[in-house]
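Below is the file run.cif, which contains mmCIF, C-alpha atoms and all ligand atoms.
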```cif
data_run
#
loop_
_atom_site.label_atom_id
_atom_site.label_comp_id
_atom_site.auth_asym_id
_atom_site.auth_seq_id
_atom_site.Cartn_x
_atom_site.Cartn_y
_atom_site.Cartn_z
CA MET A 1 -11.91 -4.05 14.76
CA PRO A 2 -10.40 -2.65 11.53
CA LYS A 3 -7.49 -4.55 10.03
CA LYS A 4 -4.15 -2.75 10.40
CA VAL A 5 -2.45 -2.42 7.03
CA ILE A 6 0.63 -0.87 5.51
CA LEU A 7 0.30 0.06 1.85
CA ASP A 8 3.61 -0.06 0.01
CA VAL A 9 3.06 1.75 -3.29
CA ASP A 10 4.77 3.21 -6.37
CA PRO A 11 2.08 5.66 -7.52
CA GLY A 12 1.29 5.00 -10.29
CA ILE A 13 -2.30 5.52 -11.45
CA ASP A 14 -3.67 2.18 -10.23
CA ASP A 15 -1.77 2.62 -6.95
CA ALA A 16 -3.52 5.98 -6.50
CA MET A 17 -6.91 4.35 -7.07
CA ALA A 18 -6.08 1.67 -4.51
CA LEU A 19 -5.19 4.43 -2.03
CA CYS A 20 -8.61 6.03 -2.63
CA LEU A 21 -10.20 2.68 -1.76
CA ALA A 22 -8.07 1.92 1.28
CA LEU A 23 -7.80 5.26 3.05
CA PHE A 24 -11.55 5.59 3.56
CA ASN A 25 -12.45 1.96 4.10
CA PRO A 26 -13.86 1.51 7.62
CA GLU A 27 -12.61 -2.08 7.68
CA LEU A 28 -9.01 -0.94 7.30
CA ASP A 29 -6.74 1.00 9.60
CA VAL A 30 -4.04 2.27 7.24
CA VAL A 31 -1.18 2.80 9.66
CA ALA A 32 1.37 3.73 6.98
CA VAL A 33 1.71 4.39 3.29
CA THR A 34 5.27 3.77 2.15
CA ALA A 35 6.66 4.79 -1.22
CA VAL A 36 8.86 2.68 -3.47
CA GLY A 37 10.32 3.45 -6.89
CA GLY A 38 8.68 1.63 -9.78
CA ASN A 39 6.13 3.35 -11.96
CA CYS A 40 8.18 6.49 -11.33
CA PRO A 41 11.53 7.16 -9.67
CA PRO A 42 11.76 6.99 -5.84
CA ASP A 43 11.65 10.76 -5.19
CA GLN A 44 8.62 11.18 -7.38
CA ALA A 45 6.88 8.19 -5.77
CA THR A 46 7.37 9.79 -2.34
CA ARG A 47 6.08 13.11 -3.59
CA ASN A 48 3.07 11.41 -5.17
CA VAL A 49 2.18 9.58 -1.95
CA GLN A 50 2.19 12.85 -0.05
CA ALA A 51 0.26 14.67 -2.80
CA ILE A 52 -2.43 11.96 -2.98
CA ILE A 53 -2.91 11.93 0.79
CA GLU A 54 -3.08 15.72 0.94
CA GLN A 55 -5.55 15.78 -1.92
CA LEU A 56 -7.77 13.09 -0.35
CA ASP A 57 -7.38 14.31 3.23
CA PRO A 58 -8.62 11.04 4.80
CA PRO A 59 -10.14 10.99 8.31
CA ARG A 60 -6.93 9.50 9.73
CA TRP A 61 -3.61 10.40 8.14
CA PRO A 62 -1.22 7.45 7.91
CA ARG A 63 2.51 7.75 8.43
CA ILE A 64 4.32 8.27 5.15
CA GLY A 65 7.56 6.50 4.21
CA ALA A 66 10.03 7.90 1.70
CA ALA A 67 11.37 5.69 -1.07
CA SER A 68 15.14 5.17 -1.04
CA PRO A 69 17.09 4.69 -4.25
CA PRO A 70 17.13 1.02 -5.28
CA ASP A 71 20.41 -0.95 -5.20
CA HIS A 72 20.28 -1.13 -8.99
CA ALA A 73 18.77 1.51 -11.24
CA LEU A 74 15.21 0.68 -12.27
CA PRO A 75 15.50 -1.33 -15.51
CA VAL A 76 12.38 0.23 -16.98
CA ASP A 77 10.51 3.50 -16.74
CA GLY A 78 6.82 3.03 -15.97
CA ARG A 79 6.06 6.57 -17.08
CA TYR A 80 5.32 5.28 -20.59
CA LEU A 81 1.97 4.21 -19.13
CA HIS A 82 1.61 6.37 -16.02
CA GLY A 83 2.65 9.74 -17.48
CA SER A 84 5.58 12.09 -16.86
CA ASP A 85 4.96 12.29 -13.08
CA GLY A 86 3.53 8.80 -12.59
CA LEU A 87 0.03 10.26 -12.21
CA GLY A 88 -0.90 10.95 -15.80
CA GLY A 89 0.92 14.31 -15.85
CA ALA A 90 -1.48 15.70 -13.22
CA ASN A 91 1.45 17.43 -11.54
CA LEU A 92 -0.30 17.42 -8.16
CA GLN A 93 1.16 19.98 -5.80
CA VAL A 94 2.23 19.25 -2.25
CA ALA A 95 1.68 21.90 0.39
CA GLU A 96 5.19 21.52 1.70
CA LEU A 97 7.58 18.69 1.01
CA ARG A 98 8.14 17.22 4.46
CA SER A 99 11.24 15.44 5.53
CA ARG A 100 10.34 11.80 5.85
CA HIS A 101 11.67 8.66 7.41
CA PRO A 102 12.67 6.03 4.90
CA SER A 103 9.97 3.52 4.02
CA GLU A 104 12.01 0.66 5.51
CA LYS A 105 12.03 2.36 8.92
CA VAL A 106 8.34 3.19 8.81
CA ILE A 107 7.49 -0.42 7.94
CA SER A 108 9.75 -1.83 10.69
CA ASP A 109 8.33 0.56 13.29
CA ALA A 110 4.75 -0.31 12.39
CA ILE A 111 5.39 -4.04 12.63
CA ARG A 112 7.12 -3.67 15.99
CA ALA A 113 4.35 -1.44 17.32
CA THR A 114 1.72 -4.18 16.92
CA PRO A 115 3.41 -7.56 16.36
CA ASN A 116 1.45 -10.14 14.32
CA ALA A 117 -1.34 -7.68 13.66
CA VAL A 118 -0.19 -5.85 10.54
CA THR A 119 -0.93 -6.88 6.97
CA ILE A 120 1.44 -5.45 4.36
CA ILE A 121 -0.17 -4.81 0.99
CA ALA A 122 2.66 -4.50 -1.53
CA LEU A 123 1.50 -2.83 -4.73
CA GLY A 124 4.89 -2.07 -6.27
CA PRO A 125 8.35 -3.62 -6.60
CA LEU A 126 9.38 -5.52 -3.46
CA THR A 127 12.45 -3.36 -2.73
CA ASN A 128 11.30 -2.01 0.64
CA LEU A 129 10.07 -5.34 1.95
CA ALA A 130 13.30 -7.13 1.04
CA ARG A 131 15.32 -4.43 2.80
CA VAL A 132 13.22 -4.59 5.95
CA PHE A 133 13.50 -8.36 6.28
CA LEU A 134 17.15 -8.63 5.21
CA ARG A 135 18.12 -6.01 7.77
CA ASP A 136 16.03 -7.52 10.54
CA PRO A 137 15.04 -11.15 9.81
CA GLU A 138 13.33 -11.39 13.20
CA LEU A 139 10.55 -9.21 11.81
CA THR A 140 9.40 -11.92 9.39
CA SER A 141 7.76 -13.73 12.28
CA MET A 142 6.06 -10.55 13.48
CA VAL A 143 4.07 -9.75 10.31
CA GLY A 144 0.48 -10.92 10.06
CA GLU A 145 0.46 -11.40 6.32
CA VAL A 146 1.80 -9.97 3.06
CA ILE A 147 -0.44 -9.55 0.03
CA MET A 148 1.45 -8.64 -3.11
CA VAL A 149 0.48 -7.89 -6.67
CA GLY A 150 2.50 -9.11 -9.60
CA GLY A 151 4.05 -12.04 -11.35
CA THR A 152 2.29 -14.30 -13.76
CA VAL A 153 1.49 -17.99 -13.44
CA SER A 154 0.34 -19.11 -16.89
CA GLY A 155 0.14 -16.05 -19.09
CA PRO A 156 2.76 -13.74 -20.57
CA GLY A 157 4.39 -10.87 -18.74
CA ASN A 158 3.35 -7.28 -19.24
CA ILE A 159 6.76 -5.63 -19.44
CA THR A 160 8.76 -8.38 -21.13
CA PRO A 161 7.42 -11.57 -22.70
CA ALA A 162 8.22 -13.38 -19.45
CA ALA A 163 8.01 -10.83 -16.66
CA GLU A 164 5.43 -8.73 -14.90
CA PHE A 165 6.38 -5.11 -14.16
CA ASN A 166 6.78 -5.18 -10.36
CA MET A 167 8.92 -8.33 -10.43
CA TYR A 168 10.99 -7.05 -13.34
CA CYS A 169 11.81 -3.77 -11.57
CA ASP A 170 13.64 -5.52 -8.75
CA PRO A 171 13.89 -9.30 -9.19
CA GLU A 172 16.48 -9.75 -6.42
CA SER A 173 14.17 -8.19 -3.85
CA ALA A 174 11.23 -10.19 -5.17
CA ARG A 175 13.27 -13.37 -4.76
CA THR A 176 14.20 -12.39 -1.19
CA VAL A 177 10.55 -11.92 -0.29
CA PHE A 178 9.41 -15.09 -2.08
CA ARG A 179 12.04 -17.16 -0.27
CA SER A 180 11.31 -15.63 3.13
CA PRO A 181 9.18 -17.43 5.70
CA LEU A 182 6.55 -14.66 5.59
CA THR A 183 2.93 -15.70 5.22
CA LYS A 184 2.19 -14.31 1.78
CA THR A 185 -0.36 -14.25 -0.99
CA LEU A 186 0.33 -13.28 -4.58
CA VAL A 187 -2.33 -11.74 -6.82
CA PRO A 188 -0.85 -12.32 -10.28
CA LEU A 189 -1.54 -10.83 -13.71
CA ASP A 190 -3.58 -13.95 -14.59
CA LEU A 191 -6.29 -12.44 -12.38
CA THR A 192 -5.67 -8.71 -12.48
CA ASN A 193 -5.74 -8.74 -16.31
CA GLN A 194 -9.27 -10.15 -16.20
CA ILE A 195 -10.65 -6.79 -15.11
CA VAL A 196 -10.78 -3.87 -17.51
CA LEU A 197 -12.12 -0.54 -16.32
CA SER A 198 -14.08 0.45 -19.42
CA TYR A 199 -15.50 3.91 -20.26
CA ASP A 200 -18.87 2.61 -19.07
CA LEU A 201 -17.40 1.82 -15.66
CA PHE A 202 -15.49 5.11 -15.64
CA ASN A 203 -18.83 6.88 -16.02
CA LYS A 204 -20.07 5.10 -12.89
CA LEU A 205 -17.28 6.53 -10.71
CA PRO A 206 -17.93 9.35 -8.20
CA ASP A 207 -18.11 12.75 -9.87
CA GLU A 208 -15.66 15.59 -9.57
CA SER A 209 -17.56 17.33 -6.80
CA THR A 210 -15.92 14.93 -4.33
CA ARG A 211 -12.21 14.71 -3.45
CA VAL A 212 -11.97 11.08 -4.55
CA GLY A 213 -13.90 11.80 -7.77
CA LYS A 214 -11.74 14.82 -8.55
CA LEU A 215 -8.54 12.82 -8.20
CA LEU A 216 -9.87 9.95 -10.34
CA HIS A 217 -11.14 12.30 -13.04
CA THR A 218 -7.70 13.93 -13.13
CA ILE A 219 -5.51 10.84 -13.33
CA LEU A 220 -7.63 8.25 -15.19
CA PRO A 221 -8.27 9.94 -18.58
CA PRO A 222 -4.52 10.05 -19.40
CA ALA A 223 -4.35 6.33 -18.53
CA PHE A 224 -7.19 5.59 -20.95
CA ARG A 225 -5.25 7.47 -23.67
CA ALA A 226 -2.00 5.62 -22.86
CA TYR A 227 -3.73 2.20 -23.01
CA ARG A 228 -5.33 3.07 -26.34
CA GLN A 229 -2.09 4.34 -27.87
CA ARG A 230 0.11 1.61 -26.44
CA PHE A 231 -2.13 -1.46 -26.57
CA GLY A 232 -5.07 -0.46 -28.77
CA GLN A 233 -7.26 -1.22 -25.75
CA GLU A 234 -10.33 0.80 -24.77
CA GLY A 235 -10.11 0.61 -21.01
CA ILE A 236 -7.44 0.22 -18.37
CA HIS A 237 -6.25 -2.40 -15.93
CA VAL A 238 -6.49 -1.59 -12.25
CA HIS A 239 -4.13 -4.29 -10.96
CA ASP A 240 -3.53 -2.71 -7.56
CA SER A 241 -7.21 -2.23 -6.76
CA VAL A 242 -7.87 -5.88 -7.59
CA ALA A 243 -5.10 -6.94 -5.22
CA LEU A 244 -6.48 -4.67 -2.51
CA MET A 245 -9.85 -6.39 -2.87
CA ALA A 246 -8.12 -9.67 -2.01
CA ALA A 247 -7.27 -8.07 1.36
CA ILE A 248 -10.70 -6.54 1.96
CA HIS A 249 -12.93 -9.25 0.48
CA PRO A 250 -10.91 -12.49 0.67
CA THR A 251 -14.01 -14.62 0.16
CA LEU A 252 -14.26 -13.36 -3.44
CA PHE A 253 -10.94 -15.05 -4.26
CA THR A 254 -9.74 -18.64 -4.47
CA ILE A 255 -6.24 -19.10 -3.10
CA GLU A 256 -4.06 -22.11 -3.85
CA GLY A 257 -0.78 -22.99 -2.15
CA MET A 258 2.13 -23.03 -4.60
CA ALA A 259 5.91 -23.21 -4.75
CA ALA A 260 7.35 -20.17 -6.50
CA ASP A 261 10.58 -18.30 -7.11
CA VAL A 262 11.72 -15.35 -9.20
CA GLU A 263 14.32 -15.46 -11.97
CA THR A 264 17.06 -12.92 -11.32
CA ALA A 265 19.62 -13.68 -13.99
CA GLY A 266 17.97 -14.72 -17.24
CA GLU A 267 18.88 -12.69 -20.30
CA LEU A 268 15.32 -12.98 -21.58
CA THR A 269 13.54 -14.00 -18.42
CA SER A 270 14.75 -11.69 -15.64
CA GLY A 271 11.86 -11.04 -13.25
CA ALA A 272 9.83 -14.03 -14.44
CA THR A 273 7.96 -15.85 -11.68
CA VAL A 274 8.58 -19.59 -11.84
CA PHE A 275 6.17 -22.09 -10.24
CA ASP A 276 7.01 -25.72 -9.55
CA ARG A 277 3.91 -27.35 -10.96
CA ARG A 278 5.51 -30.63 -11.92
CA ARG A 279 3.54 -33.78 -11.26
CA VAL A 280 5.92 -34.47 -8.39
CA PRO A 281 7.20 -31.05 -7.35
CA ALA A 282 10.57 -30.74 -5.66
CA TRP A 283 9.98 -27.28 -4.21
CA ARG A 284 7.93 -26.73 -1.09
CA HIS A 285 4.86 -24.49 -1.11
CA ASN A 286 5.97 -21.02 -0.02
CA LEU A 287 2.99 -18.80 -0.82
CA GLY A 288 -0.68 -18.67 -1.65
CA VAL A 289 -1.64 -17.61 -5.15
CA ALA A 290 -4.99 -16.12 -6.10
CA ILE A 291 -6.05 -18.38 -8.95
CA ALA A 292 -9.70 -17.37 -9.39
CA MET A 293 -12.10 -14.64 -8.35
CA ASP A 294 -15.72 -13.67 -8.67
CA ARG A 295 -14.97 -11.07 -11.31
CA GLU A 296 -18.33 -9.27 -11.28
CA LYS A 297 -18.36 -8.98 -7.51
CA VAL A 298 -14.79 -7.69 -7.46
CA VAL A 299 -15.66 -5.02 -10.04
CA ASP A 300 -18.73 -4.13 -8.04
CA ALA A 301 -16.71 -3.92 -4.82
CA ILE A 302 -14.25 -1.53 -6.48
CA ILE A 303 -16.97 0.78 -7.83
CA GLN A 304 -18.99 0.70 -4.60
CA GLY A 305 -15.82 1.14 -2.55
CA LEU A 306 -14.94 4.29 -4.47
CA HIS A 307 -18.44 5.67 -3.88
CA GLN A 308 -18.19 4.98 -0.17
CA ALA A 309 -14.77 6.63 -0.14
CA ALA A 310 -16.18 9.68 -1.90
CA LYS A 311 -18.92 10.04 0.72
CA ARG A 312 -16.65 10.00 3.76
C1 LIG B 401 1.83 -3.54 -11.65
O1 LIG B 401 2.74 -2.73 -12.36
C2 LIG B 401 2.49 -1.37 -12.11
O2 LIG B 401 2.64 -0.61 -13.25
C3 LIG B 401 1.11 -1.30 -11.54
O3 LIG B 401 1.02 -0.19 -10.66
C4 LIG B 401 0.94 -2.61 -10.84
O4 LIG B 401 1.40 -2.55 -9.51
C5 LIG B 401 1.08 -4.42 -12.60
O5 LIG B 401 1.98 -5.14 -13.39
CA CA B 402 1.80 -0.40 -8.44
#
```
Output the structure of this file as structure tokens.
Amino acid sequence: MPKKVILDVDPGIDDAMALCLALFNPELDVVAVTAVGGNCPPDQATRNVQAIIEQLDPPRWPRIGAASPPDHALPVDGRYLHGSDGLGGANLQVAELRSRHPSEKVISDAIRATPNAVTIIALGPLTNLARVFLRDPELTSMVGEVIMVGGTVSGPGNITPAAEFNMYCDPESARTVFRSPLTKTLVPLDLTNQIVLSYDLFNKLPDESTRVGKLLHTILPPAFRAYRQRFGQEGIHVHDSVALMAAIHPTLFTIEGMAADVETAGELTSGATVFDRRRVPAWRHNLGVAIAMDREKVVDAIIQGLHQAAKR
């Protein structure tokens, strides 16, 4: 029986790749794709979700949730890396911009429809999740599991010296989710940074004759240029696809229980994830953290997954 999942995304180039992998995976039943502001503003994120799904035209269309404006303006604009429209400037067209229910409602409805059976895969800032569970705390006990990408355990941040992008965008929401009783797993930068999609790997992706290949060949080259210009790096990170692999192939990852929180106020450290790793910790474990993975197998699973997606 396929696993029911909600993908909460801020597309975002690596979010789009994760959608390619998830929407065609026979082991997943993607009941909803909900947009959240992050890599691009909320309206654009919603538009991008619809455009990606239209472009890919998966066998089963998920419900789509529209991103609401965040309580505080996004403190950073991810378009420096993801292009003017969040998808490398691809300017994907939508057939007709549909009126959508807000992401929070779509997530709540999906959880209520099949209690304890839905996994939420959060690939952007945690704005939507915090809203859902603040509004209706009862729902926390009705979610199967939450897998989220972001934060950093031992290494530096990627948007400030201390903070990872998703946490930095909305630290208050991240804190709400971290402190909630949800069963949750974090896939941090310490792992996602270990995988670089090089030009060699890019050349192994499905070609443009397929819908998946066409989308990837449209949105990835601008990301390669942005990484080279910004970081002097030949190759790109695909954080969200790595996190998705933790949902599809959990045996490739080692998960350790940890006690974690998110800094919301620090002048230099807002959005930093803080772990109580003292010899005698005072905080209780509140989430699992992916601390190791079989890197080669994860890369292989991403490339093979994209080929399978392209065939369907
Ligand atoms: C995260 O930040 C975003 O830019 C990516 O889509 C990913 O979710 C990695 O820090
Ligand atoms: Ca993302």
Which residues of chain A come within 9 Å of ligand LIG 401 (chain B), and for each one, what is the closest pair of atoms and their distance in Å to one decimal, counting only C-alpha atoms and all ligand atoms, sorted by chain and residue number, as CSV?
```
residue,atom,partner,partner_atom,distance
A:Val9,CA,B:LIG401,O4,7.7
A:Asp10,CA,B:LIG401,O3,6.6
A:Pro11,CA,B:LIG401,O3,6.7
A:Gly12,CA,B:LIG401,O3,5.2
A:Ile13,CA,B:LIG401,O3,6.7
A:Asp14,CA,B:LIG401,O3,5.3
A:Asp15,CA,B:LIG401,O3,5.4
A:Ala16,CA,B:LIG401,O3,8.7
A:Gly38,CA,B:LIG401,C2,7.3
A:Asn39,CA,B:LIG401,O2,5.4
A:Gly78,CA,B:LIG401,O2,6.2
A:Arg79,CA,B:LIG401,O2,8.8
A:Leu81,CA,B:LIG401,O2,7.6
A:His82,CA,B:LIG401,O2,7.6
A:Ala122,CA,B:LIG401,O4,8.3
A:Leu123,CA,B:LIG401,O4,4.8
A:Gly124,CA,B:LIG401,O4,4.8
A:Pro125,CA,B:LIG401,O4,7.6
A:Met148,CA,B:LIG401,O4,8.8
A:Val149,CA,B:LIG401,O4,6.1
A:Gly150,CA,B:LIG401,O5,5.5
A:Gly151,CA,B:LIG401,O5,7.5
A:Gly157,CA,B:LIG401,O5,8.2
A:Asn158,CA,B:LIG401,O5,6.4
A:Ile159,CA,B:LIG401,O5,7.7
A:Ala163,CA,B:LIG401,O5,8.9
A:Glu164,CA,B:LIG401,O5,5.2
A:Phe165,CA,B:LIG401,O5,4.5
A:Asn166,CA,B:LIG401,O1,5.1
A:Met167,CA,B:LIG401,O5,8.2
A:Pro188,CA,B:LIG401,O5,8.3
A:Leu189,CA,B:LIG401,O5,6.7
A:Thr192,CA,B:LIG401,C5,8.0
A:Asn193,CA,B:LIG401,C5,8.9
A:His237,CA,B:LIG401,C5,8.3
A:Val238,CA,B:LIG401,C4,7.6
A:His239,CA,B:LIG401,C4,5.3
A:Asp240,CA,B:LIG401,O4,5.3
A:Ala243,CA,B:LIG401,O4,8.9
```
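Proximity of A:Ala246, A:Ala32, A:Ala272, A:Cys40 to ligand CA 402 (chain B), computed with all atoms listed in the file, is greatest for A:Cys40.
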Listed atoms of range 139-145 of chain A boxed axis-aligned with 8 Å per side, centre + edges as JSON:
```
{"center_x": 5.5, "center_y": -11.5, "center_z": 9.9, "size_x": 26.1, "size_y": 20.5, "size_z": 23.2}
```
Residues near Asp261 in chain A, cut-off 12 Å, all atoms listed in the file, skip fewer than 3 positions along chain, as a ChimeraX atom specification: /A:151-153,167,171-180,186,258,264,270-277,283-287
Could you give me, as a PDB file with C-alpha atoms, keeping the file's coordinate frame, the residues that have an atom at most 6 Å away from the point (4.0, 7.9, 4.7) in the coordinates of the file, using all atoms listed in the file?
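File written: out-v9.pdb
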```
ATOM      1  CA  ALA A  32       1.370   3.730   6.980  1.00  0.00           C
ATOM      2  CA  VAL A  33       1.710   4.390   3.290  1.00  0.00           C
ATOM      3  CA  THR A  34       5.270   3.770   2.150  1.00  0.00           C
ATOM      4  CA  ARG A  63       2.510   7.750   8.430  1.00  0.00           C
ATOM      5  CA  ILE A  64       4.320   8.270   5.150  1.00  0.00           C
ATOM      6  CA  GLY A  65       7.560   6.500   4.210  1.00  0.00           C
TER       7      GLY A  65
END
```
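Using all atoms listed in the file, the residues found no farther than 10 Å from Ser103 in chain A, other than those of its own chain fewer than 5 positions away, are A:Asp8, A:Ala32, A:Val33, A:Thr34, A:Ala35, A:Val36, A:Thr46, A:Arg63, A:Ile64, A:Gly65, A:Ala66, A:Ala67, A:Ser68, A:Ser108, A:Asp109, A:Thr127, A:Asn128, A:Leu129, A:Arg131, A:Val132.
Candidate residues A:Arg100, A:Ala51, A:Gly86, A:Leu201 were compared for distance to ligand CA 402 (chain B), and the nearest is A:Gly86, using only C-alpha atoms and all ligand atoms.
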